[in-house]
Structure formats: C-alpha cells, structure tokens
Amino acid sequence: RGTIRRELGITATVGIAATKFVAKIASTQAKPDGLLLVPQEHTVQFLHTLPVGALWGVGAKTRETLARLGIRTVADLAHTPPSALHKLLGAAGDQVHRLAWGIDGRQVTPERTEKSIGAEETFDEDVSGTGQLRRELLRLAHRTAARLRASGLQCRTVALKLRYSDFTTITRSRRLPEPADSAQQLYAAAGFLLEALGPRPQPVRLVGLRAEQLEPSEGAGRQLSLDGSGGHWRSAEQALDGVNRKYGGTGLVPAALLNAPGRRPKPPAGQP
C-alpha cells in the first residue's frame with residue numbers, strides 16, 4: 001500500500017483472509033484506505049455478522065427472494081437447510097450455502113495474461129476541440145506503448161473510447177497492418193478512428209485508447225518501412241523509456257505534449 005501511494009499517488013485497500021471471496025469482502029469493508037485481516041479461525045464469525053447481500057452471487061433479486069423467507073443475514077442463510085436453498089435457488093443455493101460457511105475452493109491467480117492494455121482520461125471540463133482530443137490521444141498512446149514494451153508485448157488492434165457529456169459511451173477499433181508497440185503507430189490508428197467518427201454530437205468528457213489482441217514481441221518479425229521512419233520512431237521511444245526509468249516518472253515527453261492542458265509531469269526522484 002505504501003509503495004502504491006508513493007509511486008502512483010493513489011490509495012489502496014487490502015483484504016487478507018484464508019479464502020478468495022472473504023478477502024474480497026474484507027477489502028470492501030476496509031475502504032477507502034485501509035487493511036483488514038480476517039484470521040482463518042474467525043472466518044465464520046466474521047461472515048455471520050454481514051447482510052446476506054455481501055455474499056458473491058446474491059444480487060438484488062436473490063435478496064428479495066431470501067427476504068420473503070426471513071433470510072436477511074449470512075448467519076440466517078448458513079442455518080437454513082441446504083435442501084431448502086436448493087429448492088429455492090437451484091444450484092446457486094448450494095453455492096451460497098457453502099460461502100456462508102466460508103467454503104471457497106477457488107485459487108488465487110496472482111499473474112494472468114493481459115488481454116488488453118490501455119489508458120483513459122476524464123477531463124475536468126468537457127472538451128469540444130479536436131486538437132485537444134488529439135493531444136490527449138498522443139499522451140495516452142505513449143502511456144500505452146510504454147506499458148506494452150515494458151511487458152514485452154505488441155498489439156494487432158487499437159480501440160478508441162469516447163464518453164460524451166451525457167455519459168453516452170462509444171468504442172471503435174481498427175486492426176493494424178502489422179503488430180505494433182510504438183506510440184506513433186497507436187496514435188495514427190486512434191487518430192484515424194477519431195476522424196472517421198465525423199462531427200461529434202456533444203462535447204467529450206472521457207477519451208481512452210486501448211491496445212488489444214496482444215502477443216509477445218520477442219522473436220516477432222517486423223516489417224520495415226521504405227524510408228526507415230518506423231524503426232526510428234520505435235528507437236526514439238525506447239530511448240525515452242530508458243531515460244524515464246532512470247530518472248523516475250514520465251518527465252520526458254514529446255514536444256507536442258509540453259503545453260498540453262492538464263499535463264502534470266512527475267518530478268525526478270529526490271526533487272520536489
């Protein structure tokens with residue numbers, strides 16, 4: 001939690017328990033910025049103080065169904081015969097009864113293959129200008145590309161996300177002619193998608209860029225451009241990665257972003 005606060009400037013809540021779903025409940029209980037440990041021997045005692053809706057799989061309709069039988073807490077549910085729950089909820093009744101006694105055989109998988117990598121930004125004020133949207137897309141493209149390279153991945157598809165002032169959200173995607181991990185390639189695809197939308201019906205409150213259809217970049221062949229510019233861009237971005245890793249933060253950016261609205265560069269480590 002301290003590392004997340006120090007390096008990312010955000011809070012993190014942690015739940016610790018003997019089972020996956022109890023740890024999740026503990027993290028919810030500890031929000032917005034806390035840590036809650038539920039010792040294994042106290043698992044049932046902890047669960048039985050909670051409303052039945054705290055259990056995974058018990059939504060609003062299931063709560064209403066259970067409430068008609070007077071089942072309002074996890075303790076109530078735990079002491080209801082499993083046969084009655086099965087008759088009422090089917091196979092879900094068996095599952096929630098096990099959970100009510102802290103039984104959850106699912107394993108925690110701390111590492112998983114990324115399906116997509118991206119970034120998005122919600123503006124302080126809704127944006128109408130195409131120029132500002134393009135600058136933000138360039139910044140998001142550099143953030144996303146840096147994460148791709150750090151993960152040893154490249155993408156075959158780029159997706160654009162826009163959320164308008166009335167919260168209507170649209171997404172568009174474009175398959176790249178070849179796998180990419182360069183910000184310039186991601187930005188070009190996102191810019192094409194933005195242009196293809198035509199006149200926007202409303203100002204934009206959120207813009208996002210996502211790299212999809214990921215694959216390992218190691219050993220992958222690359223199609224060189226006739227003028228060599230593609231390789232030059234990638235080499236320049238790799239050099240930028242190295243500088244930012246060495247000195248911390250993302251203080252080194254393309255010149256087009258130096259005066260971008262809302263830019264908040266992180267100072268090098270050790271400087272205020």
# chains A, B, ... in the order shown; residues from 1 in each chain; ligands from 1
>>> residues_around(residues="Val58 of chain A", least_positions_apart="6", cutoff="9 Å", atoms="only C-alpha atoms", output="ChimeraX atom specification")
/A:52,92,96
>>> write_last_selection(atoms="N, CA, C and O atoms", output="tab-separated table (two decimals), in the first residue's frame")
chain	number	residue	atom	x	y	z
A	52	VAL	N	-26.89	-10.65	3.99
A	52	VAL	CA	-26.77	-11.73	3.03
A	52	VAL	C	-26.27	-11.23	1.68
A	52	VAL	O	-25.62	-11.96	0.91
A	92	ALA	N	-27.41	-22.43	-7.44
A	92	ALA	CA	-26.88	-21.24	-6.75
A	92	ALA	C	-27.10	-21.34	-5.24
A	92	ALA	O	-26.32	-20.80	-4.45
A	96	VAL	N	-24.17	-20.59	-2.42
A	96	VAL	CA	-24.22	-19.55	-1.39
A	96	VAL	C	-24.20	-20.17	0.00
A	96	VAL	O	-23.69	-19.56	0.95
>>> residues_around(residues="Ile25 of chain A", least_positions_apart="3", cutoff="12 Å", atoms="only C-alpha atoms", output="number ranges by chain")
A: 13-22, 28-31, 35-38, 43, 46-47, 50-56, 99, 102
>>> select_by_dssp(residues="segment 94-155 of chain A", states="strand (DSSP E)", output="list in words")
Ser116, Ile117, Gly118, Ala119, Glu120, Glu121, Thr122, Phe123, Asp124, Glu125, Asp126, Val127, Leu153, Gln154 and Cys155 of chain A
>>> write_last_selection(atoms="N, CA, C and O atoms", output="tab-separated table (two decimals), in the first residue's frame")
chain	number	residue	atom	x	y	z
A	116	SER	N	-5.61	-6.99	-22.84
A	116	SER	CA	-5.51	-5.67	-23.45
A	116	SER	C	-4.78	-4.75	-22.50
A	116	SER	O	-4.71	-5.01	-21.29
A	117	ILE	N	-4.21	-3.70	-23.04
A	117	ILE	CA	-3.51	-2.69	-22.25
A	117	ILE	C	-3.95	-1.33	-22.78
A	117	ILE	O	-4.00	-1.12	-24.00
A	118	GLY	N	-4.29	-0.42	-21.88
A	118	GLY	CA	-4.74	0.88	-22.34
A	118	GLY	C	-4.72	1.92	-21.26
A	118	GLY	O	-4.25	1.68	-20.14
A	119	ALA	N	-5.21	3.08	-21.59
A	119	ALA	CA	-5.27	4.20	-20.66
A	119	ALA	C	-6.41	5.11	-21.09
A	119	ALA	O	-6.79	5.13	-22.27
A	120	GLU	N	-6.97	5.83	-20.13
A	120	GLU	CA	-8.03	6.77	-20.46
A	120	GLU	C	-7.95	7.97	-19.53
A	120	GLU	O	-7.29	7.93	-18.50
A	121	GLU	N	-8.61	9.04	-19.93
A	121	GLU	CA	-8.56	10.29	-19.17
A	121	GLU	C	-9.93	10.93	-19.15
A	121	GLU	O	-10.59	11.07	-20.18
A	122	THR	N	-10.39	11.31	-17.93
A	122	THR	CA	-11.62	12.07	-17.78
A	122	THR	C	-11.24	13.54	-17.62
A	122	THR	O	-10.45	13.89	-16.74
A	123	PHE	N	-11.77	14.39	-18.46
A	123	PHE	CA	-11.42	15.81	-18.44
A	123	PHE	C	-12.11	16.53	-17.28
A	123	PHE	O	-13.24	16.19	-16.90
A	124	ASP	N	-11.43	17.55	-16.74
A	124	ASP	CA	-12.06	18.38	-15.72
A	124	ASP	C	-13.27	19.12	-16.29
A	124	ASP	O	-14.26	19.32	-15.60
A	125	GLU	N	-13.16	19.53	-17.56
A	125	GLU	CA	-14.27	20.17	-18.26
A	125	GLU	C	-14.44	19.48	-19.61
A	125	GLU	O	-13.44	19.12	-20.25
A	126	ASP	N	-15.68	19.27	-20.02
A	126	ASP	CA	-15.93	18.58	-21.28
A	126	ASP	C	-15.22	19.30	-22.44
A	126	ASP	O	-15.15	20.54	-22.46
A	127	VAL	N	-14.73	18.52	-23.38
A	127	VAL	CA	-13.88	19.03	-24.47
A	127	VAL	C	-14.61	18.93	-25.80
A	127	VAL	O	-15.16	17.88	-26.15
A	153	LEU	N	5.18	-6.97	-25.02
A	153	LEU	CA	4.02	-7.29	-25.84
A	153	LEU	C	3.88	-6.31	-26.99
A	153	LEU	O	4.43	-5.21	-26.97
A	154	GLN	N	3.12	-6.71	-27.98
A	154	GLN	CA	2.71	-5.83	-29.06
A	154	GLN	C	1.25	-6.13	-29.37
A	154	GLN	O	0.71	-7.16	-28.95
A	155	CYS	N	0.59	-5.23	-30.08
A	155	CYS	CA	-0.85	-5.39	-30.32
A	155	CYS	C	-1.14	-5.43	-31.81
A	155	CYS	O	-0.39	-4.90	-32.63
>>> select_by_dssp(residues="segment 52-223 of chain A", states="helix (DSSP H, G or I)", output="number ranges by chain")
A: 52-54, 60-67, 74-78, 82-89, 91-100, 130-150, 183-196
>>> write_last_selection(atoms="C-alpha atoms", output="JSON list (two decimals), in the first residue's frame")
[["chain", "number", "residue", "atom", "x", "y", "z"],
["A", 52, "VAL", "CA", -26.77, -11.73, 3.03],
["A", 53, "GLY", "CA", -26.07, -9.41, 0.09],
["A", 54, "ALA", "CA", -22.37, -9.44, 0.98],
["A", 60, "ALA", "CA", -30.99, -7.68, -5.56],
["A", 61, "LYS", "CA", -33.48, -10.28, -6.86],
["A", 62, "THR", "CA", -31.97, -13.08, -4.79],
["A", 63, "ARG", "CA", -32.04, -10.85, -1.69],
["A", 64, "GLU", "CA", -35.76, -10.24, -2.26],
["A", 65, "THR", "CA", -36.39, -13.96, -2.67],
["A", 66, "LEU", "CA", -34.49, -14.79, 0.53],
["A", 67, "ALA", "CA", -36.09, -11.93, 2.47],
["A", 74, "VAL", "CA", -25.34, -14.56, 6.24],
["A", 75, "ALA", "CA", -25.99, -16.28, 9.57],
["A", 76, "ASP", "CA", -29.66, -16.76, 8.63],
["A", 77, "LEU", "CA", -28.64, -18.30, 5.32],
["A", 78, "ALA", "CA", -25.97, -20.52, 6.90],
["A", 82, "PRO", "CA", -29.23, -26.74, 2.09],
["A", 83, "SER", "CA", -32.17, -28.66, 0.60],
["A", 84, "ALA", "CA", -34.47, -25.66, 1.14],
["A", 85, "LEU", "CA", -31.95, -23.31, -0.50],
["A", 86, "HIS", "CA", -31.52, -25.67, -3.44],
["A", 87, "LYS", "CA", -35.29, -25.83, -3.93],
["A", 88, "LEU", "CA", -35.47, -22.04, -3.79],
["A", 89, "LEU", "CA", -32.38, -21.06, -5.82],
["A", 91, "ALA", "CA", -27.51, -24.83, -7.90],
["A", 92, "ALA", "CA", -26.88, -21.24, -6.75],
["A", 93, "GLY", "CA", -28.44, -22.22, -3.40],
["A", 94, "ASP", "CA", -25.75, -24.85, -2.88],
["A", 95, "GLN", "CA", -23.04, -22.32, -3.72],
["A", 96, "VAL", "CA", -24.22, -19.55, -1.39],
["A", 97, "HIS", "CA", -24.67, -22.03, 1.45],
["A", 98, "ARG", "CA", -21.02, -23.08, 1.12],
["A", 99, "LEU", "CA", -19.94, -19.45, 1.02],
["A", 100, "ALA", "CA", -21.97, -18.70, 4.14],
["A", 130, "THR", "CA", -10.40, 18.12, -31.91],
["A", 131, "GLY", "CA", -6.91, 19.47, -31.24],
["A", 132, "GLN", "CA", -7.16, 18.83, -27.51],
["A", 133, "LEU", "CA", -8.56, 15.37, -28.09],
["A", 134, "ARG", "CA", -5.69, 14.55, -30.43],
["A", 135, "ARG", "CA", -3.12, 15.78, -27.89],
["A", 136, "GLU", "CA", -4.70, 13.60, -25.24],
["A", 137, "LEU", "CA", -4.69, 10.62, -27.60],
["A", 138, "LEU", "CA", -0.99, 11.17, -28.23],
["A", 139, "ARG", "CA", -0.32, 11.18, -24.48],
["A", 140, "LEU", "CA", -2.41, 8.03, -23.98],
["A", 141, "ALA", "CA", -0.65, 6.36, -26.92],
["A", 142, "HIS", "CA", 2.73, 6.97, -25.27],
["A", 143, "ARG", "CA", 1.49, 5.63, -21.92],
["A", 144, "THR", "CA", 0.04, 2.54, -23.56],
["A", 145, "ALA", "CA", 3.03, 1.88, -25.80],
["A", 146, "ALA", "CA", 5.43, 2.19, -22.87],
["A", 147, "ARG", "CA", 3.39, -0.41, -20.97],
["A", 148, "LEU", "CA", 3.39, -2.70, -24.00],
["A", 149, "ARG", "CA", 7.17, -2.53, -24.31],
["A", 150, "ALA", "CA", 7.67, -2.98, -20.56],
["A", 183, "ALA", "CA", 3.13, 5.18, -29.74],
["A", 184, "GLN", "CA", 3.21, 6.68, -33.22],
["A", 185, "GLN", "CA", 1.51, 3.61, -34.68],
["A", 186, "LEU", "CA", -1.10, 3.53, -31.91],
["A", 187, "TYR", "CA", -1.71, 7.27, -32.24],
["A", 188, "ALA", "CA", -2.09, 7.07, -36.01],
["A", 189, "ALA", "CA", -4.75, 4.37, -35.67],
["A", 190, "ALA", "CA", -6.60, 6.22, -32.90],
["A", 191, "GLY", "CA", -6.48, 9.45, -34.91],
["A", 192, "PHE", "CA", -7.96, 7.68, -37.91],
["A", 193, "LEU", "CA", -10.80, 6.35, -35.75],
["A", 194, "LEU", "CA", -11.46, 9.80, -34.29],
["A", 195, "GLU", "CA", -11.57, 11.34, -37.75],
["A", 196, "ALA", "CA", -13.84, 8.58, -39.05]]
>>> residues_around(residues="Ser173 of chain A", least_positions_apart="5", cutoff="8 Å", atoms="only C-alpha atoms", output="list in words")
Thr157, Val158, Ala159, Leu160 and Leu193 of chain A
